Amino acid sequence: MNPWSRLEIIYGIENVKRFKEANVMIAGLGGVGSYSAEAICRSFVGKMTIVDFDTYDITNLNRQLHSTVENIGRSKVDVVEENILSINPNIAIRKYNSKIDEKNIDNFFKDDKVDYVIDAIDDVNAKILLIEFCMRNNIKIISCMGTGNRTNPQSFRIADIHKTINCPLAKKLRKELKSRGIKKHKVVFSEELPRKSVETNIIGSNSFVPSSAGLLLASYVINDIAKL
């Protein structure tokens with residue numbers, strides 16, 4: 001038996017070999033991306049690229065997989081890297097403690113071929129840059145839309161961005177992508193209308209909605225690599 005023997009039962013030896021040869025980037029390691037990173041790692045991909053500029057704070061404890069009291073103040077890419085290596089010491093990891101912007105986006109891709117990108121970034125401008133770069137360079141990408149202020153993880157769907165409903169982020173992103181000539185883009189989105197609070201502009205969250213989106217993103221990537 002080996003660590004990926006259960007994967008081989010459902011995917012077959014050849015597909016697991018494809019996982020081992022793949023390099024998957026997770027951009028954004030928050031409530032969504034932390035779960036994507038864990039699931040991708042446990043699929044025993046050969047390489048992972050992780051990108052996040054942030055550190056853990058106390059408000060992350062309710063939803064981010066690797067957030068603990070001990071990790072408050074620590075870099076997310078450092079903590080996630082440690083977790084990945086504790087699961088698969090043989091994986092090759094490239095980490096970037098950085099925001100994605102117009103000046104540096106080439107840097108995340110220049111040293112190694114990235115096969116798939118999971119976009120779990122909150123910032124709209126960074127999402128647009130990343131999507132546009134991947135489309136221009138024929139890199140597969142799937143993006144997460146809004147998960148905040150929602151309570152029903154069963155409302156998530158995987159669809160083209162032009163078929164999304166009830167998601168303000170998807171609406172804004174759809175308009176921006178259209179203006180750039182991008183007509184198709186795969187996303188995970190929720191059909192649930194986000195709740196509104198008259199008392200605060202802070203986005204509410206829980207442990208099970210962002211995590212469900214993160215696992216859906218990972219499932220799509222792994223199943224697509226396996227050609228399922």
# chains A, B, ... in the order shown; residues from 1 in each chain; ligands from 1
$ residues_around --residues "Leu85 (chain A)" --least-positions-apart "4" --cutoff "12 Å" --atoms "only C-alpha atoms" --output "ChimeraX atom specification"
/A:37-38,41-42,44,46-48,78-81,89-94
$ select_by_dssp --residues "region 16-225 of chain A" --states "strand (DSSP E or B)" --output "ChimeraX atom specification"
/A:23-27,47-51,55,75,92-96,116-119,140-144,156-160,186-190
$ residues_around --residues "Val32 (chain A)" --least-positions-apart "2" --cutoff "8 Å" --atoms "only C-alpha atoms" --output "ChimeraX atom specification"
/A:28-30,34-36,64,120,144,210-215
$ atom_distance --atom1 "CA of Glu176 (chain A)" --atom2 "CA of Leu130 (chain A)"
12.8 Å
$ closest_residue --among "A:Val117, A:Ile100, A:Ile87, A:Leu193" --to "Thr49 (chain A)" --atoms "only C-alpha atoms"
A:Val117
$ residues_around --residues "Ile158 (chain A)" --least-positions-apart "5" --cutoff "12 Å" --atoms "only C-alpha atoms" --output "JSON, numbers by chain"
{"A": [142, 143, 144, 145, 163, 164, 165, 185, 186, 187, 188, 189, 190, 191, 212, 213, 214, 215, 216, 217, 218, 219, 220, 221]}
$ write_last_selection --atoms "C-alpha atoms" --output "JSON list (two decimals), in the first residue's frame"
[["chain", "number", "residue", "atom", "x", "y", "z"],
["A", 142, "ILE", "CA", -11.31, 28.19, -12.17],
["A", 143, "SER", "CA", -12.38, 31.03, -9.88],
["A", 144, "CYS", "CA", -14.41, 31.25, -6.70],
["A", 145, "MET", "CA", -17.14, 33.85, -6.51],
["A", 163, "LYS", "CA", -24.77, 31.58, -15.98],
["A", 164, "THR", "CA", -24.34, 32.83, -12.42],
["A", 165, "ILE", "CA", -27.16, 34.35, -10.37],
["A", 185, "HIS", "CA", -14.81, 31.45, -17.58],
["A", 186, "LYS", "CA", -15.50, 28.57, -15.19],
["A", 187, "VAL", "CA", -16.48, 29.51, -11.63],
["A", 188, "VAL", "CA", -17.86, 28.16, -8.39],
["A", 189, "PHE", "CA", -20.76, 30.32, -7.21],
["A", 190, "SER", "CA", -23.67, 30.23, -4.79],
["A", 191, "GLU", "CA", -27.30, 30.58, -5.85],
["A", 212, "SER", "CA", -17.45, 23.77, 0.68],
["A", 213, "ALA", "CA", -16.53, 26.14, -2.14],
["A", 214, "GLY", "CA", -12.84, 25.35, -1.68],
["A", 215, "LEU", "CA", -13.46, 21.62, -1.91],
["A", 216, "LEU", "CA", -15.61, 22.09, -5.01],
["A", 217, "LEU", "CA", -12.81, 24.02, -6.70],
["A", 218, "ALA", "CA", -10.32, 21.27, -5.89],
["A", 219, "SER", "CA", -12.68, 18.54, -7.06],
["A", 220, "TYR", "CA", -13.16, 20.24, -10.41],
["A", 221, "VAL", "CA", -9.42, 20.58, -10.96]]
$ closest_residue --among "A:Lys95, A:Lys76, A:Lys127, A:Lys184" --to "Lys172 (chain A)" --atoms "only C-alpha atoms"
A:Lys127
$ closest_residue --among "A:Glu70, A:Asp123, A:Asp52, A:Glu14" --to "Tyr96 (chain A)" --atoms "only C-alpha atoms"
A:Asp52
$ atom_distance --atom1 "CA of Arg74 (chain A)" --atom2 "CA of Ile58 (chain A)"
11.4 Å
$ select_by_dssp --residues "region 24-78 of chain A" --states "helix (DSSP H, G or I)" --output "JSON list (two decimals) with N, CA and C atoms, in the first residue's frame"
[["chain", "number", "residue", "atom", "x", "y", "z"],
["A", 33, "GLY", "N", -9.48, 29.10, -0.15],
["A", 33, "GLY", "CA", -8.24, 28.55, -0.68],
["A", 33, "GLY", "C", -7.52, 27.60, 0.24],
["A", 34, "SER", "N", -7.69, 27.77, 1.56],
["A", 34, "SER", "CA", -7.02, 26.85, 2.49],
["A", 34, "SER", "C", -7.54, 25.43, 2.32],
["A", 35, "TYR", "N", -8.84, 25.30, 2.08],
["A", 35, "TYR", "CA", -9.42, 23.97, 1.86],
["A", 35, "TYR", "C", -9.06, 23.42, 0.49],
["A", 36, "SER", "N", -8.98, 24.29, -0.49],
["A", 36, "SER", "CA", -8.52, 23.85, -1.82],
["A", 36, "SER", "C", -7.11, 23.31, -1.73],
["A", 37, "ALA", "N", -6.24, 24.04, -1.02],
["A", 37, "ALA", "CA", -4.85, 23.62, -0.89],
["A", 37, "ALA", "C", -4.74, 22.26, -0.22],
["A", 38, "GLU", "N", -5.51, 22.05, 0.83],
["A", 38, "GLU", "CA", -5.48, 20.77, 1.54],
["A", 38, "GLU", "C", -5.92, 19.63, 0.62],
["A", 39, "ALA", "N", -7.02, 19.83, -0.11],
["A", 39, "ALA", "CA", -7.54, 18.78, -0.98],
["A", 39, "ALA", "C", -6.61, 18.48, -2.14],
["A", 40, "ILE", "N", -6.02, 19.52, -2.71],
["A", 40, "ILE", "CA", -5.07, 19.31, -3.81],
["A", 40, "ILE", "C", -3.85, 18.56, -3.31],
["A", 41, "CYS", "N", -3.35, 18.95, -2.15],
["A", 41, "CYS", "CA", -2.20, 18.26, -1.56],
["A", 41, "CYS", "C", -2.49, 16.79, -1.34],
["A", 58, "ILE", "N", -7.09, 36.98, 14.48],
["A", 58, "ILE", "CA", -8.07, 36.28, 15.32],
["A", 58, "ILE", "C", -9.40, 36.05, 14.61],
["A", 59, "THR", "N", -9.76, 36.92, 13.65],
["A", 59, "THR", "CA", -11.04, 36.77, 12.96],
["A", 59, "THR", "C", -11.03, 35.62, 11.94],
["A", 60, "ASN", "N", -9.84, 35.07, 11.67],
["A", 60, "ASN", "CA", -9.74, 33.94, 10.73],
["A", 60, "ASN", "C", -10.09, 32.61, 11.39],
["A", 61, "LEU", "N", -10.17, 32.58, 12.72],
["A", 61, "LEU", "CA", -10.35, 31.31, 13.44],
["A", 61, "LEU", "C", -11.67, 30.62, 13.13],
["A", 62, "ASN", "N", -12.67, 31.38, 12.67],
["A", 62, "ASN", "CA", -13.98, 30.77, 12.45],
["A", 62, "ASN", "C", -14.11, 30.06, 11.10],
["A", 69, "VAL", "N", -4.80, 29.56, 17.21],
["A", 69, "VAL", "CA", -4.32, 30.62, 18.08],
["A", 69, "VAL", "C", -2.80, 30.74, 17.98],
["A", 70, "GLU", "N", -2.13, 29.60, 17.87],
["A", 70, "GLU", "CA", -0.67, 29.60, 17.78],
["A", 70, "GLU", "C", -0.17, 30.25, 16.50],
["A", 71, "ASN", "N", -0.99, 30.23, 15.44],
["A", 71, "ASN", "CA", -0.55, 30.75, 14.15],
["A", 71, "ASN", "C", -0.89, 32.23, 13.93],
["A", 76, "LYS", "N", 0.55, 33.21, 6.03],
["A", 76, "LYS", "CA", -0.29, 32.10, 5.59],
["A", 76, "LYS", "C", 0.47, 31.13, 4.69],
["A", 77, "VAL", "N", 1.30, 31.66, 3.80],
["A", 77, "VAL", "CA", 2.03, 30.75, 2.91],
["A", 77, "VAL", "C", 2.99, 29.87, 3.69],
["A", 78, "ASP", "N", 3.58, 30.40, 4.76],
["A", 78, "ASP", "CA", 4.49, 29.60, 5.56],
["A", 78, "ASP", "C", 3.75, 28.47, 6.28]]
$ residues_around --residues "Asn149 (chain A)" --least-positions-apart "5" --cutoff "7 Å" --atoms "only C-alpha atoms" --output "list in words"
Pro194, Arg195, Ile203, Gly204 and Ser205 of chain A
$ write_last_selection --atoms "C-alpha atoms" --output "short mmCIF file (atom, residue, chain, number, x, y, z; two decimals), in the first residue's frame"
data_model
loop_
_atom_site.label_atom_id
_atom_site.label_comp_id
_atom_site.auth_asym_id
_atom_site.auth_seq_id
_atom_site.Cartn_x
_atom_site.Cartn_y
_atom_site.Cartn_z
CA PRO A 194 -26.15 36.97 0.48
CA ARG A 195 -27.61 38.19 3.74
CA ILE A 203 -18.75 40.57 5.53
CA GLY A 204 -19.95 37.72 7.75
CA SER A 205 -18.71 34.16 7.43
#
$ closest_residue --among "A:Phe109, A:Phe53, A:Tyr116, A:Phe156" --to "Ile225 (chain A)" --atoms "only C-alpha atoms"
A:Tyr116
$ residues_around --residues "Asn2 (chain A)" --least-positions-apart "6" --cutoff "12 Å" --atoms "only C-alpha atoms" --output "PDB file with N, CA and C atoms, in the first residue's frame"
ATOM      1  N   GLU A   8      -5.977   5.551  -6.435  1.00  0.00           N
ATOM      2  CA  GLU A   8      -5.855   4.676  -7.607  1.00  0.00           C
ATOM      3  C   GLU A   8      -7.089   3.802  -7.797  1.00  0.00           C
ATOM      4  N   ILE A   9      -7.774   3.487  -6.702  1.00  0.00           N
ATOM      5  CA  ILE A   9      -8.973   2.645  -6.802  1.00  0.00           C
ATOM      6  C   ILE A   9     -10.051   3.339  -7.623  1.00  0.00           C
ATOM      7  N   VAL A  16      -3.613   8.888 -11.551  1.00  0.00           N
ATOM      8  CA  VAL A  16      -2.818   9.287 -10.390  1.00  0.00           C
ATOM      9  C   VAL A  16      -1.421   9.720 -10.840  1.00  0.00           C
ATOM     10  N   PHE A  44      -2.066  14.264  -3.991  1.00  0.00           N
ATOM     11  CA  PHE A  44      -0.677  13.913  -4.293  1.00  0.00           C
ATOM     12  C   PHE A  44      -0.207  14.425  -5.658  1.00  0.00           C
ATOM     13  N   ASN A  88       2.686  15.431   2.544  1.00  0.00           N
ATOM     14  CA  ASN A  88       3.468  14.870   1.437  1.00  0.00           C
ATOM     15  C   ASN A  88       4.850  15.529   1.403  1.00  0.00           C
TER      16      ASN A  88
END
$ closest_residue --among "A:Ser43, A:Asn107, A:Asn23, A:Asn125" --to "Tyr11 (chain A)" --atoms "only C-alpha atoms"
A:Ser43
$ decode --residues "region 145-190 of chain A" --atoms "N, CA and C atoms" --output "PDB file, in the first residue's frame"
ATOM      1  N   MET A 145     -16.388  32.615  -6.659  1.00  0.00           N
ATOM      2  CA  MET A 145     -17.142  33.852  -6.505  1.00  0.00           C
ATOM      3  C   MET A 145     -17.432  34.073  -5.015  1.00  0.00           C
ATOM      4  N   GLY A 146     -18.381  34.910  -4.685  1.00  0.00           N
ATOM      5  CA  GLY A 146     -18.602  35.284  -3.293  1.00  0.00           C
ATOM      6  C   GLY A 146     -19.106  34.149  -2.417  1.00  0.00           C
ATOM      7  N   THR A 147     -18.544  34.039  -1.220  1.00  0.00           N
ATOM      8  CA  THR A 147     -19.005  33.049  -0.241  1.00  0.00           C
ATOM      9  C   THR A 147     -19.461  33.702   1.055  1.00  0.00           C
ATOM     10  N   GLY A 148     -19.210  34.996   1.215  1.00  0.00           N
ATOM     11  CA  GLY A 148     -19.550  35.677   2.457  1.00  0.00           C
ATOM     12  C   GLY A 148     -21.038  35.926   2.609  1.00  0.00           C
ATOM     13  N   ASN A 149     -21.472  36.090   3.855  1.00  0.00           N
ATOM     14  CA  ASN A 149     -22.866  36.398   4.201  1.00  0.00           C
ATOM     15  C   ASN A 149     -23.846  35.329   3.714  1.00  0.00           C
ATOM     16  N   ARG A 150     -23.373  34.088   3.628  1.00  0.00           N
ATOM     17  CA  ARG A 150     -24.224  32.980   3.187  1.00  0.00           C
ATOM     18  C   ARG A 150     -24.181  31.856   4.212  1.00  0.00           C
ATOM     19  N   THR A 151     -25.253  31.053   4.243  1.00  0.00           N
ATOM     20  CA  THR A 151     -25.365  30.012   5.260  1.00  0.00           C
ATOM     21  C   THR A 151     -25.612  28.617   4.695  1.00  0.00           C
ATOM     22  N   ASN A 152     -25.841  28.511   3.382  1.00  0.00           N
ATOM     23  CA  ASN A 152     -26.236  27.226   2.798  1.00  0.00           C
ATOM     24  C   ASN A 152     -25.184  26.698   1.828  1.00  0.00           C
ATOM     25  N   PRO A 153     -24.344  25.757   2.245  1.00  0.00           N
ATOM     26  CA  PRO A 153     -23.317  25.231   1.340  1.00  0.00           C
ATOM     27  C   PRO A 153     -23.887  24.410   0.187  1.00  0.00           C
ATOM     28  N   GLN A 154     -25.144  23.993   0.299  1.00  0.00           N
ATOM     29  CA  GLN A 154     -25.760  23.216  -0.770  1.00  0.00           C
ATOM     30  C   GLN A 154     -26.148  24.073  -1.977  1.00  0.00           C
ATOM     31  N   SER A 155     -25.978  25.370  -1.867  1.00  0.00           N
ATOM     32  CA  SER A 155     -26.345  26.271  -2.962  1.00  0.00           C
ATOM     33  C   SER A 155     -25.229  26.490  -3.975  1.00  0.00           C
ATOM     34  N   PHE A 156     -24.071  25.905  -3.739  1.00  0.00           N
ATOM     35  CA  PHE A 156     -22.963  26.101  -4.673  1.00  0.00           C
ATOM     36  C   PHE A 156     -23.140  25.292  -5.943  1.00  0.00           C
ATOM     37  N   ARG A 157     -22.702  25.902  -7.059  1.00  0.00           N
ATOM     38  CA  ARG A 157     -22.699  25.243  -8.363  1.00  0.00           C
ATOM     39  C   ARG A 157     -21.414  25.591  -9.100  1.00  0.00           C
ATOM     40  N   ILE A 158     -21.034  24.724 -10.025  1.00  0.00           N
ATOM     41  CA  ILE A 158     -19.933  25.012 -10.939  1.00  0.00           C
ATOM     42  C   ILE A 158     -20.548  25.325 -12.297  1.00  0.00           C
ATOM     43  N   ALA A 159     -20.229  26.488 -12.840  1.00  0.00           N
ATOM     44  CA  ALA A 159     -20.850  26.906 -14.101  1.00  0.00           C
ATOM     45  C   ALA A 159     -19.988  27.982 -14.753  1.00  0.00           C
ATOM     46  N   ASP A 160     -20.335  28.319 -15.987  1.00  0.00           N
ATOM     47  CA  ASP A 160     -19.714  29.467 -16.629  1.00  0.00           C
ATOM     48  C   ASP A 160     -20.184  30.733 -15.928  1.00  0.00           C
ATOM     49  N   ILE A 161     -19.319  31.724 -15.866  1.00  0.00           N
ATOM     50  CA  ILE A 161     -19.646  32.946 -15.143  1.00  0.00           C
ATOM     51  C   ILE A 161     -20.892  33.639 -15.695  1.00  0.00           C
ATOM     52  N   HIS A 162     -21.189  33.433 -16.966  1.00  0.00           N
ATOM     53  CA  HIS A 162     -22.365  34.061 -17.575  1.00  0.00           C
ATOM     54  C   HIS A 162     -23.675  33.378 -17.184  1.00  0.00           C
ATOM     55  N   LYS A 163     -23.578  32.278 -16.448  1.00  0.00           N
ATOM     56  CA  LYS A 163     -24.773  31.576 -15.982  1.00  0.00           C
ATOM     57  C   LYS A 163     -24.951  31.703 -14.475  1.00  0.00           C
ATOM     58  N   THR A 164     -24.220  32.632 -13.856  1.00  0.00           N
ATOM     59  CA  THR A 164     -24.341  32.835 -12.420  1.00  0.00           C
ATOM     60  C   THR A 164     -25.530  33.719 -12.080  1.00  0.00           C
ATOM     61  N   ILE A 165     -26.060  33.524 -10.879  1.00  0.00           N
ATOM     62  CA  ILE A 165     -27.157  34.351 -10.366  1.00  0.00           C
ATOM     63  C   ILE A 165     -26.890  34.673  -8.893  1.00  0.00           C
ATOM     64  N   ASN A 166     -27.490  35.750  -8.419  1.00  0.00           N
ATOM     65  CA  ASN A 166     -27.503  36.094  -6.992  1.00  0.00           C
ATOM     66  C   ASN A 166     -26.105  36.314  -6.404  1.00  0.00           C
ATOM     67  N   CYS A 167     -25.153  36.712  -7.251  1.00  0.00           N
ATOM     68  CA  CYS A 167     -23.787  36.914  -6.762  1.00  0.00           C
ATOM     69  C   CYS A 167     -23.269  38.265  -7.244  1.00  0.00           C
ATOM     70  N   PRO A 168     -23.210  39.252  -6.366  1.00  0.00           N
ATOM     71  CA  PRO A 168     -22.711  40.581  -6.759  1.00  0.00           C
ATOM     72  C   PRO A 168     -21.286  40.552  -7.313  1.00  0.00           C
ATOM     73  N   LEU A 169     -20.431  39.707  -6.733  1.00  0.00           N
ATOM     74  CA  LEU A 169     -19.057  39.620  -7.226  1.00  0.00           C
ATOM     75  C   LEU A 169     -19.026  39.085  -8.651  1.00  0.00           C
ATOM     76  N   ALA A 170     -19.796  38.051  -8.921  1.00  0.00           N
ATOM     77  CA  ALA A 170     -19.839  37.470 -10.264  1.00  0.00           C
ATOM     78  C   ALA A 170     -20.379  38.481 -11.275  1.00  0.00           C
ATOM     79  N   LYS A 171     -21.359  39.262 -10.868  1.00  0.00           N
ATOM     80  CA  LYS A 171     -21.926  40.275 -11.762  1.00  0.00           C
ATOM     81  C   LYS A 171     -20.875  41.305 -12.145  1.00  0.00           C
ATOM     82  N   LYS A 172     -20.128  41.767 -11.154  1.00  0.00           N
ATOM     83  CA  LYS A 172     -19.082  42.761 -11.419  1.00  0.00           C
ATOM     84  C   LYS A 172     -17.967  42.173 -12.263  1.00  0.00           C
ATOM     85  N   LEU A 173     -17.554  40.959 -11.930  1.00  0.00           N
ATOM     86  CA  LEU A 173     -16.466  40.314 -12.656  1.00  0.00           C
ATOM     87  C   LEU A 173     -16.876  39.999 -14.093  1.00  0.00           C
ATOM     88  N   ARG A 174     -18.109  39.566 -14.268  1.00  0.00           N
ATOM     89  CA  ARG A 174     -18.624  39.250 -15.601  1.00  0.00           C
ATOM     90  C   ARG A 174     -18.540  40.468 -16.524  1.00  0.00           C
ATOM     91  N   LYS A 175     -18.891  41.622 -16.003  1.00  0.00           N
ATOM     92  CA  LYS A 175     -18.842  42.862 -16.789  1.00  0.00           C
ATOM     93  C   LYS A 175     -17.412  43.209 -17.163  1.00  0.00           C
ATOM     94  N   GLU A 176     -16.504  43.074 -16.191  1.00  0.00           N
ATOM     95  CA  GLU A 176     -15.103  43.408 -16.441  1.00  0.00           C
ATOM     96  C   GLU A 176     -14.471  42.454 -17.453  1.00  0.00           C
ATOM     97  N   LEU A 177     -14.776  41.184 -17.346  1.00  0.00           N
ATOM     98  CA  LEU A 177     -14.209  40.204 -18.279  1.00  0.00           C
ATOM     99  C   LEU A 177     -14.753  40.424 -19.692  1.00  0.00           C
ATOM    100  N   LYS A 178     -16.017  40.751 -19.783  1.00  0.00           N
ATOM    101  CA  LYS A 178     -16.635  40.997 -21.084  1.00  0.00           C
ATOM    102  C   LYS A 178     -15.965  42.168 -21.781  1.00  0.00           C
ATOM    103  N   SER A 179     -15.632  43.204 -21.017  1.00  0.00           N
ATOM    104  CA  SER A 179     -14.979  44.382 -21.597  1.00  0.00           C
ATOM    105  C   SER A 179     -13.578  44.061 -22.101  1.00  0.00           C
ATOM    106  N   ARG A 180     -13.027  42.947 -21.609  1.00  0.00           N
ATOM    107  CA  ARG A 180     -11.693  42.513 -22.032  1.00  0.00           C
ATOM    108  C   ARG A 180     -11.752  41.389 -23.067  1.00  0.00           C
ATOM    109  N   GLY A 181     -12.935  41.116 -23.547  1.00  0.00           N
ATOM    110  CA  GLY A 181     -13.112  40.113 -24.590  1.00  0.00           C
ATOM    111  C   GLY A 181     -13.093  38.681 -24.108  1.00  0.00           C
ATOM    112  N   ILE A 182     -13.199  38.483 -22.795  1.00  0.00           N
ATOM    113  CA  ILE A 182     -13.230  37.129 -22.238  1.00  0.00           C
ATOM    114  C   ILE A 182     -14.690  36.695 -22.110  1.00  0.00           C
ATOM    115  N   LYS A 183     -15.080  35.748 -22.928  1.00  0.00           N
ATOM    116  CA  LYS A 183     -16.492  35.385 -23.030  1.00  0.00           C
ATOM    117  C   LYS A 183     -16.865  34.160 -22.199  1.00  0.00           C
ATOM    118  N   LYS A 184     -15.862  33.374 -21.819  1.00  0.00           N
ATOM    119  CA  LYS A 184     -16.140  32.170 -21.040  1.00  0.00           C
ATOM    120  C   LYS A 184     -15.166  32.077 -19.877  1.00  0.00           C
ATOM    121  N   HIS A 185     -15.680  31.666 -18.728  1.00  0.00           N
ATOM    122  CA  HIS A 185     -14.806  31.452 -17.580  1.00  0.00           C
ATOM    123  C   HIS A 185     -15.525  30.591 -16.546  1.00  0.00           C
ATOM    124  N   LYS A 186     -14.883  29.512 -16.129  1.00  0.00           N
ATOM    125  CA  LYS A 186     -15.499  28.574 -15.189  1.00  0.00           C
ATOM    126  C   LYS A 186     -15.361  29.093 -13.760  1.00  0.00           C
ATOM    127  N   VAL A 187     -16.476  29.014 -13.001  1.00  0.00           N
ATOM    128  CA  VAL A 187     -16.476  29.513 -11.625  1.00  0.00           C
ATOM    129  C   VAL A 187     -17.274  28.581 -10.711  1.00  0.00           C
ATOM    130  N   VAL A 188     -16.995  28.712  -9.429  1.00  0.00           N
ATOM    131  CA  VAL A 188     -17.855  28.157  -8.386  1.00  0.00           C
ATOM    132  C   VAL A 188     -18.623  29.333  -7.792  1.00  0.00           C
ATOM    133  N   PHE A 189     -19.951  29.233  -7.755  1.00  0.00           N
ATOM    134  CA  PHE A 189     -20.758  30.324  -7.215  1.00  0.00           C
ATOM    135  C   PHE A 189     -21.924  29.770  -6.410  1.00  0.00           C
ATOM    136  N   SER A 190     -22.520  30.624  -5.594  1.00  0.00           N
ATOM    137  CA  SER A 190     -23.671  30.231  -4.787  1.00  0.00           C
ATOM    138  C   SER A 190     -24.936  30.866  -5.335  1.00  0.00           C
TER     139      SER A 190
END
